[in-house]
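As structure tokens, the structure follows; a few thoughts come after it.
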Amino acid sequence: MSTMIECKKVSFSYGEENEHRKIIDQLDFSVERGSFTVILGQNGSGKSTLAKLFNGLLKPTDGTVTVDGINTRDETHELDIKRRVGMVFQNPDNQLVASIVEEDVAFGPENLGLDPSEIRRRVDEALRAVGMYEFRESTPHHLSGGQKQRIAIAGVLAMQPECIVLDEPTAMLDPKGRAEILKTVLRLNREHGITVILITHFMEEAEEADRVVVLHQGKILADGAPSAVFSQDEILHTAGLELPQTTELLVELKKNGWKVETNKIGIEDTADAVLSALHLEES
């Protein structure tokens, strides 16, 4: 895999008076093309700032951020960077600009000056990718929160980015809406090959990722496969994060003498681990 985004010794502070407390502090970090990376962290960890650094909305105070080899400080390539890395934010209402769903999704491609037939193709393709094609003539404010967020994602997809950064996209949604967005994001990555960076504080949203990064006070505390990161309960508690309920169950069982592996995530894997431990106890 080639590198999609790379941060080298990146620091960021809001204003000179905050130089003593960097939001991002000497961060070395890269994202491989086609991967699904989840960045976990509590409020104030720097994860939303990092998201904005990824597509040039913010420029680093120190160090360099490159997107597909392009330095985000290079103003002559600012549009190229934003075409490569699309952003989806927490509140979908802030991203919806039109009164009809398909018109909203067409907004970005229209601003690129594309031919109407190409815009039509992109809009239809994007709406199908997020499972919202049948709602193309609906009004966004009649949709659920999860549906609105899928429309917001479609609007980004219609720009045909190589990478999508989602900054707490499920924070304002109910469990059903959260499940819709996670299913959509996973499909975009697995079936369409889009590089996905999902920023969240919900541990369960990291279960299907290729890689999990834990951010705390602008520094990386843990980085690896979900099962490896979730087994480091002390580091997660330091970062102010709770273990997924399934992993917490395994940790508690082990503390109580069960011979159970704690690096499992998801309900099925956890159930298998408990059954294996039960068989050991009986033999």
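Naming scheme: A, B, ... for chains in displayed order of the structure tokens; residues 1 onward per chain; ligands 1 onward as shown.
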Exercise: Thr37 (chain A) partners within 9 Å, only C-alpha atoms, chain neighbours under 3 positions left out, as a list in words: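 Listed by chain and then number, they are Val31, Glu32, Thr195, Val196, Ile197, Leu198, Ile199, Ala206, Ala209, Asp210, Arg211, Val212 and Val213 of chain A.
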Output file for the selection above: N, CA and C atoms, as an mmCIF file, in the first residue's frame:
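Below is the file selection_14.cif, written as the result:
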data_model
loop_
_atom_site.group_PDB
_atom_site.id
_atom_site.type_symbol
_atom_site.label_atom_id
_atom_site.label_comp_id
_atom_site.auth_asym_id
_atom_site.auth_seq_id
_atom_site.Cartn_x
_atom_site.Cartn_y
_atom_site.Cartn_z
ATOM 1 N N VAL A 31 -1.168 7.323 7.169
ATOM 2 C CA VAL A 31 -2.350 6.526 6.851
ATOM 3 C C VAL A 31 -2.148 5.912 5.474
ATOM 4 N N GLU A 32 -2.286 4.604 5.390
ATOM 5 C CA GLU A 32 -2.102 3.903 4.127
ATOM 6 C C GLU A 32 -3.351 3.997 3.250
ATOM 7 N N THR A 195 -10.184 5.255 1.275
ATOM 8 C CA THR A 195 -9.477 5.356 2.548
ATOM 9 C C THR A 195 -10.391 6.052 3.550
ATOM 10 N N VAL A 196 -10.571 5.447 4.708
ATOM 11 C CA VAL A 196 -11.478 5.998 5.718
ATOM 12 C C VAL A 196 -10.718 6.270 7.012
ATOM 13 N N ILE A 197 -10.906 7.480 7.542
ATOM 14 C CA ILE A 197 -10.408 7.824 8.873
ATOM 15 C C ILE A 197 -11.624 8.232 9.692
ATOM 16 N N LEU A 198 -11.948 7.433 10.668
ATOM 17 C CA LEU A 198 -13.122 7.677 11.519
ATOM 18 C C LEU A 198 -12.645 8.140 12.886
ATOM 19 N N ILE A 199 -13.081 9.324 13.284
ATOM 20 C CA ILE A 199 -12.704 9.886 14.575
ATOM 21 C C ILE A 199 -13.895 9.800 15.510
ATOM 22 N N ALA A 206 -14.835 1.042 16.681
ATOM 23 C CA ALA A 206 -13.493 0.692 16.202
ATOM 24 C C ALA A 206 -13.338 -0.791 15.906
ATOM 25 N N ALA A 209 -12.306 -1.831 12.297
ATOM 26 C CA ALA A 209 -11.212 -1.084 11.672
ATOM 27 C C ALA A 209 -9.987 -1.969 11.437
ATOM 28 N N ASP A 210 -9.154 -1.551 10.487
ATOM 29 C CA ASP A 210 -7.872 -2.216 10.287
ATOM 30 C C ASP A 210 -6.900 -1.810 11.393
ATOM 31 N N ARG A 211 -7.086 -0.577 11.876
ATOM 32 C CA ARG A 211 -6.118 0.012 12.790
ATOM 33 C C ARG A 211 -6.820 0.977 13.741
ATOM 34 N N VAL A 212 -6.395 0.977 14.988
ATOM 35 C CA VAL A 212 -6.927 1.893 15.990
ATOM 36 C C VAL A 212 -5.779 2.710 16.571
ATOM 37 N N VAL A 213 -5.976 4.009 16.634
ATOM 38 C CA VAL A 213 -4.990 4.918 17.219
ATOM 39 C C VAL A 213 -5.653 5.629 18.392
#
Residues of region 40-126 of chain A that approach region 231-243 of chain A to 12 Å or less, counting only C-alpha atoms: could you list each one with the shortest pair of atoms and its distance in Å to one decimal, rows by chain and increasing residue number, as a tab-separated table?
residue	atom	partner	partner_atom	distance
A:Leu40	CA	A:Leu241	CA	8.3
A:Gly41	CA	A:Ala239	CA	6.8
A:Gln42	CA	A:Gly240	CA	6.2
A:Asn43	CA	A:Gly240	CA	9.3
A:Gly44	CA	A:Ala239	CA	10.6
A:Ser45	CA	A:Ala239	CA	8.3
A:Gly46	CA	A:Ala239	CA	11.7
What's the separation between CA of Gly193 (chain A) and CA of Ile164 (chain A), in Å to one decimal place?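 Taking CA of Gly193 (chain A) and CA of Ile164 (chain A), their separation equals 11.0 Å.
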From A:Leu143, A:Ile181, A:Ala106, A:Val65, residue lying nearest Leu127 (chain A) [only C-alpha atoms]: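 Once distances to Leu127 (chain A) are computed over only C-alpha atoms, the minimum belongs to A:Ala106.
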